[in-house]
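Pasted below: data08.cif, mmCIF, C-alpha atoms and all ligand atoms.
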data_data
#
loop_
_atom_site.label_atom_id
_atom_site.label_comp_id
_atom_site.auth_asym_id
_atom_site.auth_seq_id
_atom_site.Cartn_x
_atom_site.Cartn_y
_atom_site.Cartn_z
CA MET V 1 150.09 -48.59 -71.18
CA THR V 2 147.93 -47.65 -74.16
CA GLU V 3 145.88 -50.43 -75.66
CA THR V 4 146.75 -51.17 -79.32
CA THR V 5 143.84 -51.94 -81.64
CA VAL V 6 144.59 -55.08 -83.62
CA TYR V 7 142.54 -55.57 -86.79
CA LYS V 8 142.43 -59.36 -87.06
CA GLY V 9 142.28 -60.39 -90.68
CA LEU V 10 142.72 -56.67 -91.52
CA ALA V 11 138.91 -56.52 -91.33
CA GLY V 12 137.71 -53.00 -92.02
CA VAL V 13 141.21 -51.70 -92.81
CA VAL V 14 141.51 -49.52 -95.92
CA ALA V 15 145.01 -50.38 -97.19
CA ASP V 16 145.30 -48.26 -100.36
CA TYR V 17 143.43 -46.62 -103.23
CA THR V 18 142.38 -48.53 -106.32
CA ALA V 19 140.69 -47.53 -109.56
CA VAL V 20 140.28 -51.09 -110.81
CA SER V 21 136.98 -51.89 -109.12
CA LYS V 22 134.59 -50.65 -106.48
CA VAL V 23 132.64 -52.99 -104.23
CA ASN V 24 129.70 -51.31 -102.54
CA PRO V 25 127.99 -53.59 -100.03
CA GLU V 26 125.33 -50.96 -99.23
CA THR V 27 124.01 -50.79 -102.79
CA ASN V 28 125.08 -54.38 -103.49
CA SER V 29 127.02 -53.27 -106.52
CA LEU V 30 130.34 -54.04 -108.13
CA LEU V 31 131.86 -51.70 -110.69
CA TYR V 32 134.84 -52.55 -112.92
CA GLN V 33 136.51 -49.23 -113.77
CA GLY V 34 133.11 -47.61 -113.19
CA TYR V 35 130.94 -50.07 -115.18
CA PRO V 36 128.40 -52.32 -113.36
CA VAL V 37 129.61 -55.88 -113.68
CA GLN V 38 126.08 -57.08 -114.58
CA GLN V 39 126.11 -54.89 -117.71
CA LEU V 40 129.56 -56.09 -118.70
CA ALA V 41 128.47 -59.72 -118.24
CA ALA V 42 125.38 -59.11 -120.35
CA GLU V 43 127.04 -57.32 -123.22
CA LEU V 44 130.77 -57.88 -123.57
CA ASN V 45 133.06 -60.76 -124.30
CA PHE V 46 135.74 -61.56 -121.75
CA GLU V 47 138.53 -60.24 -123.97
CA ALA V 48 136.99 -56.72 -123.90
CA VAL V 49 136.50 -56.88 -120.12
CA ALA V 50 140.17 -57.81 -119.67
CA LEU V 51 141.22 -54.75 -121.68
CA LEU V 52 138.88 -52.59 -119.60
CA LEU V 53 140.45 -53.81 -116.35
CA TRP V 54 144.00 -53.28 -117.61
CA ASN V 55 143.56 -50.01 -119.48
CA GLY V 56 140.84 -48.28 -117.48
CA ASP V 57 138.58 -47.79 -120.50
CA LEU V 58 136.62 -49.92 -122.92
CA PRO V 59 138.68 -50.81 -125.99
CA SER V 60 138.01 -49.30 -129.40
CA GLU V 61 137.11 -51.76 -132.16
CA ASP V 62 140.70 -51.71 -133.41
CA GLU V 63 142.19 -52.23 -129.95
CA LEU V 64 139.91 -55.18 -129.35
CA LYS V 65 140.72 -56.68 -132.76
CA GLU V 66 144.43 -56.34 -132.13
CA PHE V 67 144.15 -57.99 -128.71
CA VAL V 68 141.96 -60.80 -130.03
CA GLU V 69 144.64 -61.58 -132.63
CA PHE V 70 147.35 -61.46 -129.97
CA GLU V 71 145.36 -63.75 -127.66
CA ARG V 72 144.69 -66.28 -130.42
CA SER V 73 148.38 -66.44 -131.31
CA HIS V 74 149.58 -67.01 -127.72
CA ARG V 75 147.39 -69.92 -126.65
CA THR V 76 149.94 -72.69 -126.92
CA LEU V 77 152.00 -73.77 -123.93
CA GLU V 78 155.77 -73.59 -124.21
CA PRO V 79 157.27 -77.12 -124.32
CA ASN V 80 158.89 -76.90 -120.89
CA VAL V 81 155.60 -75.78 -119.33
CA ARG V 82 154.00 -79.00 -120.63
CA GLN V 83 157.03 -80.98 -119.43
CA ALA V 84 156.80 -79.42 -115.97
CA ILE V 85 153.10 -80.32 -115.80
CA ASP V 86 153.87 -83.87 -116.94
CA LEU V 87 156.32 -84.24 -114.04
CA LEU V 88 153.56 -83.53 -111.52
CA PRO V 89 151.45 -86.42 -110.18
CA THR V 90 147.99 -86.76 -111.74
CA ASP V 91 146.52 -86.90 -108.25
CA CYS V 92 148.04 -83.63 -107.02
CA HIS V 93 145.68 -80.70 -106.73
CA PRO V 94 145.23 -78.85 -110.07
CA MET V 95 145.91 -75.58 -108.23
CA ASP V 96 149.45 -76.90 -107.67
CA VAL V 97 149.68 -77.43 -111.41
CA GLY V 98 148.46 -73.90 -112.14
CA ARG V 99 150.89 -72.42 -109.64
CA THR V 100 153.82 -74.39 -111.08
CA ALA V 101 152.89 -73.58 -114.69
CA VAL V 102 152.84 -69.83 -114.00
CA SER V 103 156.15 -70.11 -112.17
CA VAL V 104 157.74 -71.84 -115.19
CA MET V 105 156.26 -69.24 -117.54
CA GLY V 106 157.95 -66.60 -115.37
CA ALA V 107 161.29 -68.41 -115.56
CA ASN V 108 160.95 -68.52 -119.38
CA ASP V 109 160.18 -64.82 -119.66
CA PRO V 110 163.19 -62.96 -121.08
CA ASP V 111 161.73 -59.73 -119.67
CA SER V 112 161.22 -61.17 -116.21
CA GLU V 113 163.06 -58.35 -114.49
CA LYS V 114 161.53 -55.56 -116.58
CA SER V 115 158.62 -53.89 -114.88
CA ASP V 116 157.68 -50.89 -117.04
CA ARG V 117 153.95 -50.77 -117.74
CA ALA V 118 154.17 -51.68 -121.44
CA THR V 119 156.23 -54.80 -120.70
CA GLU V 120 153.98 -55.84 -117.81
CA LEU V 121 150.90 -55.45 -119.97
CA VAL V 122 152.37 -57.87 -122.52
CA LYS V 123 153.14 -60.34 -119.71
CA ALA V 124 149.56 -60.05 -118.47
CA LYS V 125 148.16 -60.63 -121.96
CA LYS V 126 150.38 -63.67 -122.50
CA LEU V 127 149.29 -65.19 -119.19
CA PHE V 128 145.65 -64.51 -120.07
CA ALA V 129 146.10 -66.25 -123.42
CA ALA V 130 148.08 -69.26 -122.21
CA PHE V 131 146.47 -70.18 -118.90
CA PRO V 132 143.34 -71.84 -120.39
CA ALA V 133 145.67 -74.37 -122.03
CA VAL V 134 147.05 -75.25 -118.57
CA VAL V 135 143.56 -76.06 -117.28
CA ALA V 136 142.55 -77.96 -120.42
CA TYR V 137 145.84 -79.88 -120.62
CA ASP V 138 145.68 -80.82 -116.94
CA GLN V 139 142.08 -82.04 -116.98
CA ARG V 140 142.75 -84.13 -120.09
CA ARG V 141 145.99 -85.68 -118.79
CA ARG V 142 144.19 -86.70 -115.59
CA ARG V 143 141.53 -88.40 -117.69
CA GLY V 144 144.17 -90.08 -119.89
CA GLN V 145 142.99 -88.10 -122.94
CA ASP V 146 145.15 -86.69 -125.74
CA VAL V 147 145.89 -82.99 -125.81
CA VAL V 148 143.56 -80.85 -127.94
CA GLU V 149 145.35 -77.98 -129.65
CA PRO V 150 143.74 -74.50 -129.66
CA ARG V 151 141.72 -73.25 -132.63
CA ASP V 152 142.20 -69.68 -133.74
CA ASP V 153 138.75 -69.49 -135.33
CA LEU V 154 137.18 -69.66 -131.85
CA ASP V 155 136.96 -66.91 -129.25
CA TYR V 156 138.44 -67.20 -125.74
CA SER V 157 135.47 -68.97 -124.14
CA GLN V 158 134.69 -71.21 -127.12
CA ASN V 159 138.33 -72.23 -127.39
CA PHE V 160 138.66 -72.87 -123.65
CA LEU V 161 135.79 -75.37 -123.82
CA TRP V 162 137.11 -76.81 -127.10
CA MET V 163 140.59 -77.49 -125.66
CA THR V 164 139.10 -79.05 -122.52
CA PHE V 165 136.42 -81.28 -124.05
CA GLY V 166 137.57 -81.71 -127.66
CA GLU V 167 134.23 -80.62 -129.09
CA GLU V 168 132.56 -77.33 -129.88
CA ALA V 169 130.31 -76.28 -127.00
CA PRO V 170 126.71 -75.16 -127.66
CA GLU V 171 126.10 -71.41 -127.62
CA GLU V 172 124.26 -71.45 -124.26
CA VAL V 173 127.17 -73.22 -122.59
CA VAL V 174 129.72 -70.82 -124.06
CA ASP V 175 127.63 -67.93 -122.84
CA ALA V 176 127.35 -69.23 -119.28
CA PHE V 177 131.09 -69.84 -119.24
CA ARG V 178 131.80 -66.33 -120.54
CA VAL V 179 129.56 -64.85 -117.83
CA SER V 180 131.46 -66.77 -115.14
CA MET V 181 134.78 -65.47 -116.47
CA VAL V 182 133.53 -61.87 -116.41
CA LEU V 183 132.15 -62.19 -112.88
CA TYR V 184 135.26 -63.84 -111.43
CA ALA V 185 137.65 -61.32 -112.99
CA GLU V 186 138.01 -58.72 -110.28
CA HIS V 187 136.94 -57.91 -106.71
CA SER V 188 139.14 -55.19 -105.17
CA PHE V 189 141.41 -56.15 -102.24
CA ASN V 190 140.39 -59.79 -101.79
CA ALA V 191 143.01 -62.10 -100.24
CA SER V 192 144.67 -63.23 -103.49
CA THR V 193 144.75 -59.77 -105.05
CA PHE V 194 146.17 -58.32 -101.85
CA THR V 195 148.79 -61.08 -101.90
CA ALA V 196 149.73 -60.08 -105.45
CA ARG V 197 150.04 -56.47 -104.32
CA VAL V 198 152.19 -57.39 -101.30
CA VAL V 199 154.61 -59.33 -103.52
CA THR V 200 154.67 -56.51 -106.10
CA SER V 201 155.35 -53.98 -103.35
CA THR V 202 158.75 -55.62 -102.72
CA LEU V 203 159.59 -54.94 -106.40
CA ALA V 204 159.41 -58.63 -107.29
CA ASP V 205 158.34 -59.59 -110.84
CA LEU V 206 154.78 -60.07 -112.12
CA HIS V 207 154.94 -63.87 -112.37
CA SER V 208 156.11 -64.13 -108.75
CA ALA V 209 153.12 -62.02 -107.69
CA VAL V 210 150.67 -64.13 -109.72
CA THR V 211 152.20 -67.38 -108.44
CA ALA V 212 151.75 -66.17 -104.86
CA ALA V 213 148.19 -65.05 -105.62
CA ILE V 214 147.37 -68.55 -106.87
CA GLY V 215 148.57 -69.89 -103.52
CA ALA V 216 146.20 -67.53 -101.72
CA LEU V 217 143.30 -68.38 -104.02
CA LYS V 218 143.63 -72.10 -103.37
CA GLY V 219 142.23 -72.00 -99.83
CA SER V 220 138.59 -72.90 -99.27
CA LEU V 221 137.84 -69.60 -97.51
CA HIS V 222 138.62 -67.93 -100.86
CA GLY V 223 138.64 -69.43 -104.37
CA GLY V 224 138.73 -73.02 -103.17
CA ALA V 225 135.11 -72.53 -102.11
CA ASN V 226 133.74 -73.21 -105.63
CA GLU V 227 135.22 -76.71 -105.50
CA ALA V 228 134.07 -77.15 -101.88
CA VAL V 229 130.47 -76.30 -102.90
CA MET V 230 130.47 -79.28 -105.23
CA HIS V 231 131.87 -81.52 -102.50
CA THR V 232 128.92 -80.44 -100.35
CA PHE V 233 126.50 -81.41 -103.14
CA GLU V 234 128.35 -84.73 -103.49
CA GLU V 235 128.23 -85.33 -99.73
CA ILE V 236 124.46 -84.75 -99.74
CA GLY V 237 124.23 -87.02 -102.78
CA ILE V 238 123.29 -86.07 -106.35
CA ARG V 239 120.33 -88.21 -107.44
CA LYS V 240 119.36 -87.49 -111.03
CA GLU V 241 116.04 -89.29 -110.67
CA GLU V 242 114.85 -87.05 -107.84
CA THR V 243 112.37 -84.18 -108.27
CA ARG V 244 113.48 -80.66 -107.45
CA GLU V 245 111.28 -80.69 -104.33
CA GLU V 246 112.65 -84.01 -103.07
CA ALA V 247 116.23 -82.84 -103.52
CA ALA V 248 115.44 -79.54 -101.78
CA ALA V 249 113.97 -81.33 -98.77
CA ARG V 250 117.08 -83.51 -98.41
CA SER V 251 119.54 -80.64 -98.76
CA LYS V 252 117.56 -78.48 -96.33
CA ALA V 253 117.76 -81.23 -93.72
CA TRP V 254 121.49 -81.63 -94.43
CA MET V 255 122.10 -77.91 -93.89
CA GLU V 256 120.11 -77.82 -90.63
CA ASN V 257 122.22 -80.67 -89.36
CA ALA V 258 125.50 -79.08 -90.56
CA LEU V 259 124.64 -75.81 -88.82
CA ALA V 260 123.64 -77.63 -85.64
CA GLU V 261 127.13 -79.17 -85.73
CA LYS V 262 128.53 -75.64 -86.21
CA ARG V 263 130.05 -76.51 -89.57
CA LYS V 264 131.11 -73.80 -92.01
CA VAL V 265 129.37 -74.39 -95.29
CA MET V 266 131.43 -73.19 -98.23
CA GLY V 267 129.83 -70.93 -100.80
CA PHE V 268 128.02 -68.87 -98.16
CA GLY V 269 129.01 -65.62 -96.47
CA HIS V 270 131.38 -62.85 -97.42
CA ARG V 271 133.75 -60.52 -95.61
CA VAL V 272 132.47 -57.43 -97.42
CA TYR V 273 128.90 -58.21 -98.51
CA LYS V 274 126.56 -58.85 -95.63
CA HIS V 275 123.27 -58.76 -97.56
CA GLY V 276 124.22 -60.89 -100.55
CA ASP V 277 126.98 -60.96 -103.15
CA SER V 278 126.35 -58.56 -106.05
CA ARG V 279 127.50 -61.20 -108.57
CA VAL V 280 125.19 -64.00 -107.47
CA PRO V 281 121.97 -63.05 -109.36
CA THR V 282 123.84 -62.92 -112.69
CA MET V 283 125.69 -66.18 -112.03
CA LYS V 284 122.47 -67.80 -110.86
CA GLU V 285 120.85 -66.91 -114.21
CA ALA V 286 123.75 -68.64 -115.95
CA LEU V 287 123.28 -71.67 -113.70
CA ASP V 288 119.53 -71.72 -114.41
CA ALA V 289 120.31 -71.74 -118.12
CA MET V 290 122.67 -74.70 -117.67
CA VAL V 291 120.15 -76.60 -115.53
CA GLU V 292 117.58 -76.14 -118.28
CA HIS V 293 120.08 -77.00 -121.05
CA TYR V 294 121.13 -80.25 -119.36
CA GLY V 295 117.67 -81.02 -117.86
CA ARG V 296 118.99 -81.26 -114.30
CA GLY V 297 116.28 -79.70 -112.11
CA GLU V 298 117.23 -81.92 -109.18
CA LEU V 299 120.56 -80.10 -108.85
CA MET V 300 118.63 -76.85 -108.46
CA GLY V 301 116.61 -78.55 -105.73
CA LEU V 302 119.83 -79.18 -103.77
CA TYR V 303 120.79 -75.56 -104.41
CA ASP V 304 117.43 -74.16 -103.24
CA GLY V 305 117.28 -76.27 -100.08
CA LEU V 306 120.73 -75.28 -98.85
CA GLU V 307 120.15 -71.61 -99.60
CA ALA V 308 116.75 -71.53 -97.85
CA ALA V 309 117.97 -73.37 -94.74
CA MET V 310 121.05 -71.15 -94.37
CA ASP V 311 118.93 -68.03 -94.79
CA GLU V 312 116.35 -69.19 -92.24
CA ALA V 313 118.93 -70.24 -89.66
CA LYS V 314 121.56 -67.53 -89.97
CA GLY V 315 120.49 -65.02 -92.62
CA ILE V 316 123.76 -65.72 -94.46
CA LYS V 317 123.56 -65.41 -98.24
CA PRO V 318 125.40 -67.31 -101.01
CA ASN V 319 128.56 -65.89 -102.58
CA LEU V 320 129.65 -66.20 -106.23
CA ASP V 321 131.21 -69.62 -105.66
CA TYR V 322 127.82 -71.10 -104.78
CA PRO V 323 126.19 -70.86 -108.24
CA ALA V 324 129.56 -71.15 -110.05
CA GLY V 325 130.37 -74.61 -108.65
CA PRO V 326 127.31 -76.46 -110.02
CA THR V 327 127.54 -74.48 -113.28
CA TYR V 328 131.05 -75.82 -113.95
CA HIS V 329 129.92 -79.30 -112.87
CA LEU V 330 127.12 -79.29 -115.44
CA MET V 331 129.52 -78.14 -118.15
CA GLY V 332 131.61 -81.24 -117.47
CA PHE V 333 134.63 -79.87 -115.61
CA ASP V 334 136.08 -82.14 -112.94
CA THR V 335 135.40 -80.69 -109.49
CA GLU V 336 139.09 -80.05 -108.71
CA MET V 337 139.38 -77.93 -111.87
CA PHE V 338 136.89 -75.30 -110.64
CA THR V 339 139.41 -73.12 -108.78
CA PRO V 340 141.91 -73.16 -111.70
CA LEU V 341 139.02 -71.76 -113.78
CA PHE V 342 138.86 -68.95 -111.24
CA ILE V 343 142.61 -68.36 -111.84
CA ALA V 344 142.04 -68.09 -115.60
CA SER V 345 139.61 -65.28 -114.98
CA ARG V 346 141.27 -63.53 -112.01
CA ILE V 347 144.59 -63.25 -113.87
CA THR V 348 143.03 -60.09 -115.33
CA GLY V 349 142.24 -58.46 -111.97
CA TRP V 350 145.51 -59.56 -110.36
CA THR V 351 147.63 -58.16 -113.16
CA ALA V 352 145.63 -54.91 -113.26
CA HIS V 353 146.37 -54.51 -109.54
CA ILE V 354 150.04 -55.43 -109.99
CA MET V 355 150.41 -52.62 -112.54
CA GLU V 356 148.50 -50.22 -110.31
CA GLN V 357 150.65 -51.10 -107.29
CA ARG V 358 153.81 -50.72 -109.37
CA ALA V 359 152.74 -47.27 -110.60
CA ASN V 360 152.39 -45.87 -107.08
CA ASN V 361 154.33 -48.24 -104.91
CA ALA V 362 154.87 -48.33 -101.17
CA LEU V 363 156.26 -51.44 -99.48
CA ILE V 364 153.37 -53.22 -97.74
CA ARG V 365 154.64 -54.00 -94.28
CA PRO V 366 152.13 -53.81 -91.41
CA LEU V 367 152.95 -53.97 -87.71
CA SER V 368 152.17 -56.65 -85.18
CA GLU V 369 151.49 -56.44 -81.45
CA TYR V 370 153.92 -58.67 -79.56
CA ASN V 371 152.26 -61.08 -77.11
CA GLY V 372 155.17 -63.44 -76.39
CA PRO V 373 157.17 -63.72 -73.16
CA ASP V 374 158.69 -60.64 -71.52
CA GLU V 375 162.37 -60.07 -72.20
CA ARG V 376 164.44 -62.86 -70.62
CA HIS V 377 168.09 -63.90 -70.74
CA LEU V 378 170.08 -67.11 -71.17
N1 LIG V 401 128.80 -71.22 -92.92
C1 LIG V 401 128.41 -71.18 -91.62
N2 LIG V 401 128.58 -70.10 -90.86
C2 LIG V 401 129.14 -69.02 -91.41
C3 LIG V 401 129.56 -68.99 -92.76
C4 LIG V 401 129.37 -70.15 -93.51
N3 LIG V 401 129.74 -70.21 -94.79
N4 LIG V 401 130.10 -67.79 -93.05
C5 LIG V 401 130.03 -67.07 -91.92
N5 LIG V 401 129.46 -67.81 -90.94
C6 LIG V 401 129.23 -67.41 -89.56
C7 LIG V 401 130.46 -67.69 -88.73
O1 LIG V 401 130.46 -68.98 -88.19
C8 LIG V 401 130.38 -66.61 -87.69
O2 LIG V 401 129.40 -66.98 -86.76
P1 LIG V 401 129.61 -66.69 -85.20
O3 LIG V 401 129.68 -65.18 -85.10
O4 LIG V 401 128.40 -67.28 -84.58
O5 LIG V 401 130.90 -67.34 -84.84
C9 LIG V 401 129.81 -65.42 -88.47
O6 LIG V 401 129.05 -65.99 -89.54
C10 LIG V 401 130.89 -64.50 -89.04
O7 LIG V 401 131.76 -65.31 -89.84
P2 LIG V 401 133.29 -65.01 -90.07
O8 LIG V 401 133.91 -66.21 -90.68
O9 LIG V 401 133.91 -64.49 -88.82
O10 LIG V 401 133.17 -63.80 -91.06
P3 LIG V 401 134.26 -63.31 -92.05
O11 LIG V 401 133.86 -61.98 -92.51
O12 LIG V 401 135.62 -63.47 -91.52
O13 LIG V 401 134.05 -64.44 -93.17
C11 LIG V 401 134.14 -65.74 -95.01
C12 LIG V 401 133.92 -64.33 -94.49
C13 LIG V 401 135.55 -66.22 -94.67
C14 LIG V 401 133.96 -65.71 -96.53
C15 LIG V 401 133.10 -66.69 -94.38
O14 LIG V 401 131.80 -66.27 -94.66
C16 LIG V 401 133.30 -68.13 -94.82
O15 LIG V 401 134.15 -68.84 -94.27
N6 LIG V 401 132.53 -68.58 -95.87
C17 LIG V 401 132.75 -69.88 -96.43
C18 LIG V 401 133.91 -69.85 -97.44
C19 LIG V 401 133.53 -69.23 -98.75
O16 LIG V 401 132.48 -69.50 -99.29
N7 LIG V 401 134.45 -68.42 -99.27
C20 LIG V 401 134.27 -67.76 -100.58
C21 LIG V 401 134.35 -66.27 -100.42
S1 LIG V 401 133.83 -65.44 -101.89
C22 LIG V 401 135.01 -65.69 -103.07
O17 LIG V 401 136.15 -66.04 -102.80
C23 LIG V 401 134.55 -65.51 -104.49
#

Using the file provided, produce a representation of the structure as structure tokens.
Ligand code: ACO
Amino acid sequence: MTETTVYKGLAGVVADYTAVSKVNPETNSLLYQGYPVQQLAAELNFEAVALLLWNGDLPSEDELKEFVEFERSHRTLEPNVRQAIDLLPTDCHPMDVGRTAVSVMGANDPDSEKSDRATELVKAKKLFAAFPAVVAYDQRRRRGQDVVEPRDDLDYSQNFLWMTFGEEAPEEVVDAFRVSMVLYAEHSFNASTFTARVVTSTLADLHSAVTAAIGALKGSLHGGANEAVMHTFEEIGIRKEETREEAAARSKAWMENALAEKRKVMGFGHRVYKHGDSRVPTMKEALDAMVEHYGRGELMGLYDGLEAAMDEAKGIKPNLDYPAGPTYHLMGFDTEMFTPLFIASRITGWTAHIMEQRANNALIRPLSEYNGPDERHL
């Protein structure tokens, strides 16, 4: 009998072509449609990056202006989306809220069953524009705060923070938030994007694919890790009065102990990158800016200690979720809202992949190797 090779977790399997992004672990680079993500994060607003991912090229001034107007006029949630959110318990996970909201948006869509590229692009743009209101609405309802309506004189990132906190965020905070959105937008065939492609491959609609992708993103081995990072910081204990060095010593000891107990520490490691995540240096700069803005050096001490101890013990490097978690914490987001923020960004990459899958579809249906009982009879 010939031995079948089983690729657990599809590790190392190349499942299809994509032009949306290229992850190169050797050069530690990530390109969106050919552009290094670091350059995009330094120079473009998130709206332009979204158009790049969807269209394959940077927008002209007119294209960007047109999209900005579209985005600003589609920020409000439809009444039954708000009602559906209101029916959900305030102690359920916000990812459940995000998943439900997108599902209701799909049910509302009169073009749900249309899948030509032009229609799907409009669906993607509407999701992009409306999802921030889901996050903002949900965080505020959990805190017992009134809803804050969007403002069309603010850009995507400014308005996101405005709707969540009810005040205009300082420029540095807006910039760090924008950088996080750009970095989270796309990462080739990660688990949630692959999920979206699997659903699309059956010819199901775009909202079904995005709803399924949200389910895949929720887990702590994927997007849920940014929330889990903050839980680690909380478990170690955040002590504002501590010096950076004191905090680093405590977190280093915590990590040594966690690794001795063979715990997995979220925010570290990656299936593709083995020498560090290409997005981390840029996100770390954004975190540094927030630490300085809020005067919270001790948080960086916790960060440094964990990173150093993991590196010394196992040589495993942080992934994007590691600097993103404390960045969102400093901005004032509740910890459970961190992964929904990832949804807001990744909607761009998911929908770009959905359209790419649709354009050159083949049903995704792998094989399995049977290891149950031999044939038997009643
Ligand atoms: N903490 C402790 N040990 C780790 C970690 C970690 N975060 N990551 C990997 N390892 C160890 C494993 O225990 C294993 O060790 P062993 O060979 O002694 O058993 C070895 O490194 C290989 O780990 P795998 O989990 O088999 O590697 P895989 O490629 O499947 O894992 C993954 C990638 C799932 C991301 C893993 O590193 C992990 O679980 N990290 C924590 C979750 C996380 O941060 N996910 C976010 C991913 S990035 C993103 O979604 C933006």

d(atom CA of His353 of chain V, atom CA of Gln38 of chain V) in Å:
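Separating atom CA of His353 of chain V from atom CA of Gln38 of chain V is a distance of 21.1 Å.
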
Rank V:Pro373, V:Gly276, V:Gly349, V:Gly267 by their smallest atom-to-atom distance to Ser29 of chain V, using all atoms listed in the file, and report the top residue only.
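For Ser29 of chain V, the nearest of the given residues is V:Gly276.
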
Kindly provide, as a PDB file with C-alpha atoms, keeping the file's coordinate frame, all nucleotide and amino acid residues lying within 8 Å of ligand LIG 401 (chain V), counting only C-alpha atoms and all ligand atoms.
ATOM      1  CA  GLY V   9     142.280 -60.390 -90.680  1.00  0.00           C
ATOM      2  CA  ALA V  11     138.910 -56.520 -91.330  1.00  0.00           C
ATOM      3  CA  TYR V 184     135.260 -63.840-111.430  1.00  0.00           C
ATOM      4  CA  ASN V 190     140.390 -59.790-101.790  1.00  0.00           C
ATOM      5  CA  LEU V 217     143.300 -68.380-104.020  1.00  0.00           C
ATOM      6  CA  SER V 220     138.590 -72.900 -99.270  1.00  0.00           C
ATOM      7  CA  LEU V 221     137.840 -69.600 -97.510  1.00  0.00           C
ATOM      8  CA  HIS V 222     138.620 -67.930-100.860  1.00  0.00           C
ATOM      9  CA  GLY V 223     138.640 -69.430-104.370  1.00  0.00           C
ATOM     10  CA  GLY V 224     138.730 -73.020-103.170  1.00  0.00           C
ATOM     11  CA  ALA V 225     135.110 -72.530-102.110  1.00  0.00           C
ATOM     12  CA  ASN V 226     133.740 -73.210-105.630  1.00  0.00           C
ATOM     13  CA  VAL V 229     130.470 -76.300-102.900  1.00  0.00           C
ATOM     14  CA  LEU V 259     124.640 -75.810 -88.820  1.00  0.00           C
ATOM     15  CA  LYS V 262     128.530 -75.640 -86.210  1.00  0.00           C
ATOM     16  CA  ARG V 263     130.050 -76.510 -89.570  1.00  0.00           C
ATOM     17  CA  LYS V 264     131.110 -73.800 -92.010  1.00  0.00           C
ATOM     18  CA  VAL V 265     129.370 -74.390 -95.290  1.00  0.00           C
ATOM     19  CA  MET V 266     131.430 -73.190 -98.230  1.00  0.00           C
ATOM     20  CA  GLY V 267     129.830 -70.930-100.800  1.00  0.00           C
ATOM     21  CA  PHE V 268     128.020 -68.870 -98.160  1.00  0.00           C
ATOM     22  CA  GLY V 269     129.010 -65.620 -96.470  1.00  0.00           C
ATOM     23  CA  HIS V 270     131.380 -62.850 -97.420  1.00  0.00           C
ATOM     24  CA  ARG V 271     133.750 -60.520 -95.610  1.00  0.00           C
ATOM     25  CA  VAL V 272     132.470 -57.430 -97.420  1.00  0.00           C
ATOM     26  CA  MET V 310     121.050 -71.150 -94.370  1.00  0.00           C
ATOM     27  CA  LYS V 314     121.560 -67.530 -89.970  1.00  0.00           C
ATOM     28  CA  ILE V 316     123.760 -65.720 -94.460  1.00  0.00           C
ATOM     29  CA  PRO V 318     125.400 -67.310-101.010  1.00  0.00           C
ATOM     30  CA  ASN V 319     128.560 -65.890-102.580  1.00  0.00           C
ATOM     31  CA  LEU V 320     129.650 -66.200-106.230  1.00  0.00           C
ATOM     32  CA  ASP V 321     131.210 -69.620-105.660  1.00  0.00           C
ATOM     33  CA  TYR V 322     127.820 -71.100-104.780  1.00  0.00           C
TER      34      TYR V 322
END

Between V:Leu40, V:Leu299, V:Ala130, V:Ala176, which one has atoms that come closest to Thr232 of chain V, using all atoms listed in the file?
V:Leu299

Report, in Å to a single decimal, how far apart atom CA of Val134 of chain V and atom CA of Leu58 of chain V are.
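A separation of 27.7 Å between them.
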
List the spatial neighbours of segment 324-327 of chain V as a PDB file with C-alpha atoms, in the coordinates of the input - criterion: any atom at most 9 Å away, only C-alpha atoms, same-chain residues fewer than 3 positions off excluded.
ATOM      1  CA  ALA V 176     127.350 -69.230-119.280  1.00  0.00           C
ATOM      2  CA  PHE V 177     131.090 -69.840-119.240  1.00  0.00           C
ATOM      3  CA  SER V 180     131.460 -66.770-115.140  1.00  0.00           C
ATOM      4  CA  ALA V 225     135.110 -72.530-102.110  1.00  0.00           C
ATOM      5  CA  ASN V 226     133.740 -73.210-105.630  1.00  0.00           C
ATOM      6  CA  GLU V 227     135.220 -76.710-105.500  1.00  0.00           C
ATOM      7  CA  ALA V 228     134.070 -77.150-101.880  1.00  0.00           C
ATOM      8  CA  VAL V 229     130.470 -76.300-102.900  1.00  0.00           C
ATOM      9  CA  MET V 230     130.470 -79.280-105.230  1.00  0.00           C
ATOM     10  CA  PHE V 233     126.500 -81.410-103.140  1.00  0.00           C
ATOM     11  CA  GLY V 267     129.830 -70.930-100.800  1.00  0.00           C
ATOM     12  CA  VAL V 280     125.190 -64.000-107.470  1.00  0.00           C
ATOM     13  CA  MET V 283     125.690 -66.180-112.030  1.00  0.00           C
ATOM     14  CA  LYS V 284     122.470 -67.800-110.860  1.00  0.00           C
ATOM     15  CA  ALA V 286     123.750 -68.640-115.950  1.00  0.00           C
ATOM     16  CA  LEU V 287     123.280 -71.670-113.700  1.00  0.00           C
ATOM     17  CA  ASP V 288     119.530 -71.720-114.410  1.00  0.00           C
ATOM     18  CA  MET V 290     122.670 -74.700-117.670  1.00  0.00           C
ATOM     19  CA  VAL V 291     120.150 -76.600-115.530  1.00  0.00           C
ATOM     20  CA  LEU V 299     120.560 -80.100-108.850  1.00  0.00           C
ATOM     21  CA  MET V 300     118.630 -76.850-108.460  1.00  0.00           C
ATOM     22  CA  TYR V 303     120.790 -75.560-104.410  1.00  0.00           C
ATOM     23  CA  LEU V 320     129.650 -66.200-106.230  1.00  0.00           C
ATOM     24  CA  ASP V 321     131.210 -69.620-105.660  1.00  0.00           C
ATOM     25  CA  LEU V 330     127.120 -79.290-115.440  1.00  0.00           C
ATOM     26  CA  MET V 331     129.520 -78.140-118.150  1.00  0.00           C
ATOM     27  CA  GLY V 332     131.610 -81.240-117.470  1.00  0.00           C
ATOM     28  CA  THR V 335     135.400 -80.690-109.490  1.00  0.00           C
ATOM     29  CA  PHE V 338     136.890 -75.300-110.640  1.00  0.00           C
TER      30      PHE V 338
END
